[in-house]
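Following: one structure in structure tokens, then a few remarks.
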Amino acid sequence: MAKQGSNLHGILVIDKPGWDEVSPGRTQADIRLPTSHDLVQRVRRWSGQRRIGHTGTLDPMASGVLVLCLGLATRLVEYYQGHDKSYDAEIVLGTSTDTYDATGMVVAQGDLPPLTPTIVETALDRFRGTIQQQPPIYSALKQDGETAYRKARRGESVELATRTVTFHALELVEIIAPDRLVLRVRCSAGTYIRSLAYDLGMALGVPAHLGRLRRTAAGAFTSAQAHTPDIIEAAASAQSLGDLLLPLGTALDLPACIVDDEQARRFGFGQHVELTMPNVGEPGIDAPKIEGPVLMQACNPTGRLLGIIRRVAGDSVHAAVWKAEKWLVVDGETV
């Protein structure tokens, strides 16, 4: 495949393949679907762009939205992390596994309880809002400098601290007799839907595991913007992968300001620049008076992102001193 080189800069949203139906005890090798890291490597190979970062991985069995930053966009990865995620999840009742999902080995079985929407909604109420969640031991979280799942696979004791997570929306979509619950979830970053499946089973008095999971949105990026690996590979072969990239700064959750050529030049040299901006932020919304560090997008008059700037002096974004935090200009031009 012809390489397109390192001139690709932007956001690529992938529709990651997942496991539509997996029996507990089967392994990743049984299905041979790519992990998130596999897809990063494939895009590197297809695109010829070595600088690729992701804004958060998906579990191997999960499908859906995976956001990659290519080229200069890798400098923006930190600003795309920590946003809410949305999922469609199917929970299987009657069986729990050591990984809390369908990739693990069965560790408990139990009789199914009577299920009605009222019973399930009452159980779901325990998880709506902000809660303390216990992550699964088969996870990429670190313990003593090593990932928990590596220690767990060796049979070592793993103890992970609970974490604060928020379920902004937790909707029961369907009860599929005799043993399935379909949920629609919107939650904070770092939430484990596998743990939700296990904990919901406990609340219902029955072992449970996550049978299927599809991420439908990561921050502002949705499945409507996502491309399958086959489409991405075909575009790369046709030397048109750039057509699939979203521009630098797409959906950045930061206020924006317009800078002129001289201000942009000074930012590029790392200088402090005083800006007086009556129209910072969204149209029709007054810029707030803010204390403490502030980040903004600096754009040229056409709205193209030049970089991220940080306020270093002044108590208002209307009249303050700023310095470039991340500058994305190459040879005087953004890509």
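Here's how to read the names in the structure tokens: chain A, B, ... by the order shown, residue numbers from 1 in each chain, ligand numbers from 1 in the order shown.
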Subject >> Nearby residues (only C-alpha atoms) at most 7 Å from segment 175-181 of chain A, same-chain spacing under 3 positions excluded, as a list of chain:residue names >> reply: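 Here the qualifying residues turn out to be A:Glu90, A:Ile91, A:Val92, A:Leu93, A:Gly94.
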**OP:** Would you please give, as an MDAnalysis selection string, all residues of segment 51-274 of chain A that DSSP assigns to strand (DSSP E) based on the backbone?
**Re:** chainID A and resid 52:54 63:70 85:93 95:97 106:109 129:133 142:143 146:147 163:176 180:187 208:218 221:222 256:258 273:274
Which residues of segment 74-116 of chain A sit at most 8 Å from segment 50-64 of chain A, using only C-alpha atoms? Give each one's shortest atom pair and distance in Å (one decimal place), in chain and ascending residue order, as a Markdown table.
| residue | atom | partner | partner_atom | distance |
| --- | --- | --- | --- | --- |
| A:Thr74 | CA | A:Gly53 | CA | 5.5 |
| A:Val77 | CA | A:Thr55 | CA | 5.8 |
| A:Glu78 | CA | A:Thr55 | CA | 7.5 |
| A:Tyr80 | CA | A:Thr55 | CA | 6.1 |
| A:Gln81 | CA | A:Thr55 | CA | 5.4 |
| A:Ala102 | CA | A:Met61 | CA | 7.9 |
| A:Thr103 | CA | A:Met61 | CA | 7.3 |
Deliver the residues from the most recent selection as a file, using N, CA, C and O atoms, as a CSV table (one decimal), in the first residue's frame.
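Below is the file again.csv, written as the result:
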chain,number,residue,atom,x,y,z
A,74,THR,N,-1.9,15.0,17.8
A,74,THR,CA,-1.5,14.3,19.0
A,74,THR,C,-1.2,15.3,20.2
A,74,THR,O,-1.3,14.9,21.3
A,77,VAL,N,-4.3,15.7,22.5
A,77,VAL,CA,-4.9,14.5,23.1
A,77,VAL,C,-5.4,14.8,24.5
A,77,VAL,O,-6.6,14.4,24.9
A,78,GLU,N,-4.7,15.5,25.3
A,78,GLU,CA,-5.0,15.7,26.7
A,78,GLU,C,-6.3,16.5,26.8
A,78,GLU,O,-7.1,16.4,27.8
A,80,TYR,N,-8.9,16.2,24.9
A,80,TYR,CA,-10.0,15.4,24.5
A,80,TYR,C,-10.3,14.3,25.5
A,80,TYR,O,-11.3,13.5,25.4
A,81,GLN,N,-9.5,14.1,26.5
A,81,GLN,CA,-9.7,13.1,27.5
A,81,GLN,C,-10.5,13.6,28.7
A,81,GLN,O,-10.7,14.8,28.9
A,102,ALA,N,-17.9,-11.2,29.0
A,102,ALA,CA,-18.0,-12.5,28.3
A,102,ALA,C,-16.6,-13.1,27.9
A,102,ALA,O,-16.6,-14.2,27.4
A,103,THR,N,-15.5,-12.4,28.1
A,103,THR,CA,-14.2,-12.9,27.8
A,103,THR,C,-13.6,-13.8,28.9
A,103,THR,O,-12.6,-14.4,28.8
Original post:
Distance atom CA of Gly129 of chain A-atom CA of Ala217 of chain A, one decimal place?
Top reply: 19.0 Å
Subject >> Selection near Val206 of chain A, 12 Å with only C-alpha atoms, sequence-local residues under 3 positions removed, as a PyMOL selection string >> reply: chain A and resi 91-96+108-115+123+179+197-203+209
Take the residues from that selection and write them out as a PDB file, in the first residue's frame, keeping C-alpha atoms.
ATOM      1  CA  ILE A  91     -26.073  -7.608  30.601  1.00  0.00           C
ATOM      2  CA  VAL A  92     -26.429 -11.369  30.980  1.00  0.00           C
ATOM      3  CA  LEU A  93     -27.966 -12.632  34.236  1.00  0.00           C
ATOM      4  CA  GLY A  94     -27.355 -16.003  35.819  1.00  0.00           C
ATOM      5  CA  THR A  95     -23.590 -16.227  35.261  1.00  0.00           C
ATOM      6  CA  SER A  96     -20.640 -14.154  36.485  1.00  0.00           C
ATOM      7  CA  ALA A 108     -20.532 -18.339  39.673  1.00  0.00           C
ATOM      8  CA  GLN A 109     -23.955 -19.376  38.462  1.00  0.00           C
ATOM      9  CA  GLY A 110     -27.389 -18.807  39.932  1.00  0.00           C
ATOM     10  CA  ASP A 111     -31.087 -19.121  39.288  1.00  0.00           C
ATOM     11  CA  LEU A 112     -32.757 -16.239  37.526  1.00  0.00           C
ATOM     12  CA  PRO A 113     -35.015 -14.056  39.640  1.00  0.00           C
ATOM     13  CA  PRO A 114     -38.391 -12.814  38.389  1.00  0.00           C
ATOM     14  CA  LEU A 115     -37.741  -9.730  36.289  1.00  0.00           C
ATOM     15  CA  ALA A 123     -32.049  -1.847  41.250  1.00  0.00           C
ATOM     16  CA  ASP A 179     -31.780 -13.525  31.088  1.00  0.00           C
ATOM     17  CA  ALA A 197     -22.986  -5.361  35.074  1.00  0.00           C
ATOM     18  CA  TYR A 198     -21.539  -7.269  38.034  1.00  0.00           C
ATOM     19  CA  ASP A 199     -22.896  -4.851  40.621  1.00  0.00           C
ATOM     20  CA  LEU A 200     -26.350  -4.735  39.048  1.00  0.00           C
ATOM     21  CA  GLY A 201     -26.484  -8.514  39.234  1.00  0.00           C
ATOM     22  CA  MET A 202     -25.624  -8.320  42.923  1.00  0.00           C
ATOM     23  CA  ALA A 203     -28.414  -5.778  43.421  1.00  0.00           C
ATOM     24  CA  HIS A 209     -21.676 -10.315  33.457  1.00  0.00           C
TER      25      HIS A 209
END
Original post:
Can you tell me, as a PyMOL selection string, what residues are no more than 12 Å from Asp261 of chain A when counting only C-alpha atoms, ignoring any on the same chain fewer than 6 positions away?
Top reply: chain A and resi 267-268+298-302+306+329+332-333
Neighbouring residues of Asp101 of chain A were defined as those with any atom within 8 Å, considering only C-alpha atoms; residues of the same chain fewer than 6 positions away were excluded. Please report them as a PDB file with C-alpha atoms, in the first residue's frame.
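around_12.pdb was written with the following content:
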ATOM      1  CA  PRO A  24     -17.933 -17.107  28.588  1.00  0.00           C
ATOM      2  CA  ARG A 194     -18.268  -4.349  33.335  1.00  0.00           C
ATOM      3  CA  HIS A 209     -21.676 -10.315  33.457  1.00  0.00           C
ATOM      4  CA  LEU A 210     -21.423  -7.926  30.529  1.00  0.00           C
ATOM      5  CA  GLY A 211     -22.409  -9.718  27.348  1.00  0.00           C
TER       6      GLY A 211
END
**OP:** Please give the complete set of residues from segment 71-281 of chain A that DSSP, run on the backbone, assigns to helix (DSSP H, G or I), formatted as a PyMOL selection string.
**Re:** chain A and resi 71-80+117-124+148-153+193-204+223-225+229-237+241-244+261-268
Subject >> Distance of atom CA of Pro117 of chain A from atom CA of Gln134 of chain A, expressed in Å to one decimal place >> reply: 25.6 Å
Original post:
Using only C-alpha atoms, which of the listed residues (A:Thr216, A:Gln297, A:Ser188, A:Thr97) sits closest to Pro255 of chain A?
Top reply: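 For Pro255 of chain A, the nearest of the given residues is A:Gln297.
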**OP:** Rounded to one decimal place, report the atom CA of Lys323 of chain A-atom CA of His272 of chain A distance in Å.
**Re:**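 Atom CA of His272 of chain A lies 4.9 Å from atom CA of Lys323 of chain A.
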**OP:** Write out as a VMD selection string each polymer residue whose atoms come within 12 Å of Leu305 of chain A, counting only C-alpha atoms; drop sequence neighbours fewer than 2 positions from it.
**Re:** chain A and resid 10 72 to 73 76 247 to 252 254 to 259 264 296 to 303 307 to 309 326 to 329 333 to 335
Deliver the residues from the most recent selection as a file, using N, CA and C atoms, as a compact mmCIF listing (two decimals), in the first residue's frame.
# COMPACT_ATOMS: atom_id res chain seq x y z
N GLY A 10 -5.09 15.56 12.02
CA GLY A 10 -6.50 15.73 12.32
C GLY A 10 -7.02 14.61 13.19
N LEU A 72 -0.15 16.54 14.14
CA LEU A 72 -0.19 17.64 15.09
C LEU A 72 -1.31 17.48 16.11
N ALA A 73 -2.35 16.76 15.74
CA ALA A 73 -3.48 16.57 16.66
C ALA A 73 -3.07 15.79 17.90
N LEU A 76 -3.00 17.60 21.09
CA LEU A 76 -4.28 17.99 21.68
C LEU A 76 -4.95 16.85 22.45
N PRO A 247 -10.97 18.27 11.13
CA PRO A 247 -9.90 19.27 11.28
C PRO A 247 -9.37 19.37 12.70
N LEU A 248 -8.15 19.87 12.81
CA LEU A 248 -7.56 20.14 14.11
C LEU A 248 -8.51 21.00 14.94
N GLY A 249 -8.71 20.62 16.19
CA GLY A 249 -9.54 21.41 17.08
C GLY A 249 -11.01 21.10 17.03
N THR A 250 -11.43 20.16 16.19
CA THR A 250 -12.84 19.79 16.13
C THR A 250 -13.35 19.39 17.52
N ALA A 251 -14.43 20.01 17.95
CA ALA A 251 -15.12 19.67 19.20
C ALA A 251 -14.27 19.90 20.44
N LEU A 252 -13.25 20.75 20.36
CA LEU A 252 -12.50 21.08 21.58
C LEU A 252 -13.40 21.88 22.52
N LEU A 254 -13.15 24.22 24.62
CA LEU A 254 -12.46 25.41 25.12
C LEU A 254 -12.99 26.63 24.39
N PRO A 255 -13.11 27.77 25.08
CA PRO A 255 -13.51 28.99 24.38
C PRO A 255 -12.47 29.37 23.34
N ALA A 256 -12.89 30.09 22.32
CA ALA A 256 -12.01 30.45 21.22
C ALA A 256 -11.89 31.96 21.09
N CYS A 257 -10.74 32.40 20.59
CA CYS A 257 -10.53 33.81 20.28
C CYS A 257 -9.81 33.92 18.95
N ILE A 258 -9.96 35.07 18.32
CA ILE A 258 -9.31 35.35 17.04
C ILE A 258 -8.07 36.19 17.28
N VAL A 259 -6.96 35.77 16.68
CA VAL A 259 -5.72 36.55 16.78
C VAL A 259 -5.28 36.94 15.37
N ALA A 264 -0.20 36.10 16.28
CA ALA A 264 0.13 34.70 16.03
C ALA A 264 1.64 34.51 15.95
N MET A 296 -7.53 28.79 26.23
CA MET A 296 -8.40 29.12 25.11
C MET A 296 -7.79 28.61 23.82
N GLN A 297 -8.63 28.47 22.82
CA GLN A 297 -8.16 28.21 21.48
C GLN A 297 -7.82 29.54 20.82
N ALA A 298 -6.67 29.62 20.18
CA ALA A 298 -6.33 30.78 19.37
C ALA A 298 -6.52 30.41 17.90
N CYS A 299 -7.35 31.16 17.21
CA CYS A 299 -7.69 30.87 15.83
C CYS A 299 -7.34 32.05 14.93
N ASN A 300 -7.12 31.79 13.65
CA ASN A 300 -6.91 32.89 12.71
C ASN A 300 -8.27 33.43 12.28
N PRO A 301 -8.32 34.52 11.50
CA PRO A 301 -9.61 35.13 11.16
C PRO A 301 -10.58 34.21 10.42
N THR A 302 -10.07 33.14 9.79
CA THR A 302 -10.97 32.20 9.12
C THR A 302 -11.48 31.11 10.06
N GLY A 303 -11.03 31.15 11.33
CA GLY A 303 -11.48 30.18 12.30
C GLY A 303 -10.61 28.95 12.41
N GLY A 307 -3.45 27.23 17.88
CA GLY A 307 -2.86 26.63 19.07
C GLY A 307 -3.71 26.87 20.29
N ILE A 308 -3.22 26.40 21.41
CA ILE A 308 -3.87 26.58 22.71
C ILE A 308 -3.05 27.59 23.50
N ILE A 309 -3.70 28.59 24.07
CA ILE A 309 -3.01 29.61 24.85
C ILE A 309 -3.49 29.59 26.29
N LYS A 326 0.26 25.18 23.62
CA LYS A 326 0.55 24.27 22.52
C LYS A 326 0.37 25.05 21.22
N TRP A 327 1.42 25.11 20.40
CA TRP A 327 1.31 25.88 19.16
C TRP A 327 1.43 24.92 17.99
N LEU A 328 0.53 25.03 17.01
CA LEU A 328 0.39 24.03 15.97
C LEU A 328 0.76 24.56 14.60
N VAL A 329 1.47 25.65 14.54
CA VAL A 329 1.80 26.28 13.27
C VAL A 329 3.08 25.67 12.71
N GLU A 333 2.08 28.22 8.73
CA GLU A 333 0.73 27.81 8.38
C GLU A 333 0.31 26.64 9.26
N THR A 334 -0.95 26.65 9.65
CA THR A 334 -1.50 25.43 10.25
C THR A 334 -1.90 24.50 9.12
N VAL A 335 -1.99 23.24 9.45
CA VAL A 335 -2.32 22.25 8.44
C VAL A 335 -3.83 22.18 8.24
Original post:
Any idea what's packed within 8 Å of Gly219 of chain A, counting only C-alpha atoms, ignoring anything in its chain fewer than 3 positions away? Could you give it as a list in words?
Top reply: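 Non-adjacent residues within range: Tyr80, His83, Asp84, Lys85 and Thr222 of chain A.
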Original post:
For Gly18 of chain A, which of A:Arg311, A:Leu66, A:Ala220, A:Gln225 is the closest residue, counting only C-alpha atoms?
Top reply: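 With only C-alpha atoms as the atom set, the closest residue is A:Leu66.
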Original post:
With distances taken over only C-alpha atoms, which of A:Arg265, A:Ser223, A:Val106, A:Glu325 is nearest to Arg75 of chain A?
Top reply: A:Glu325
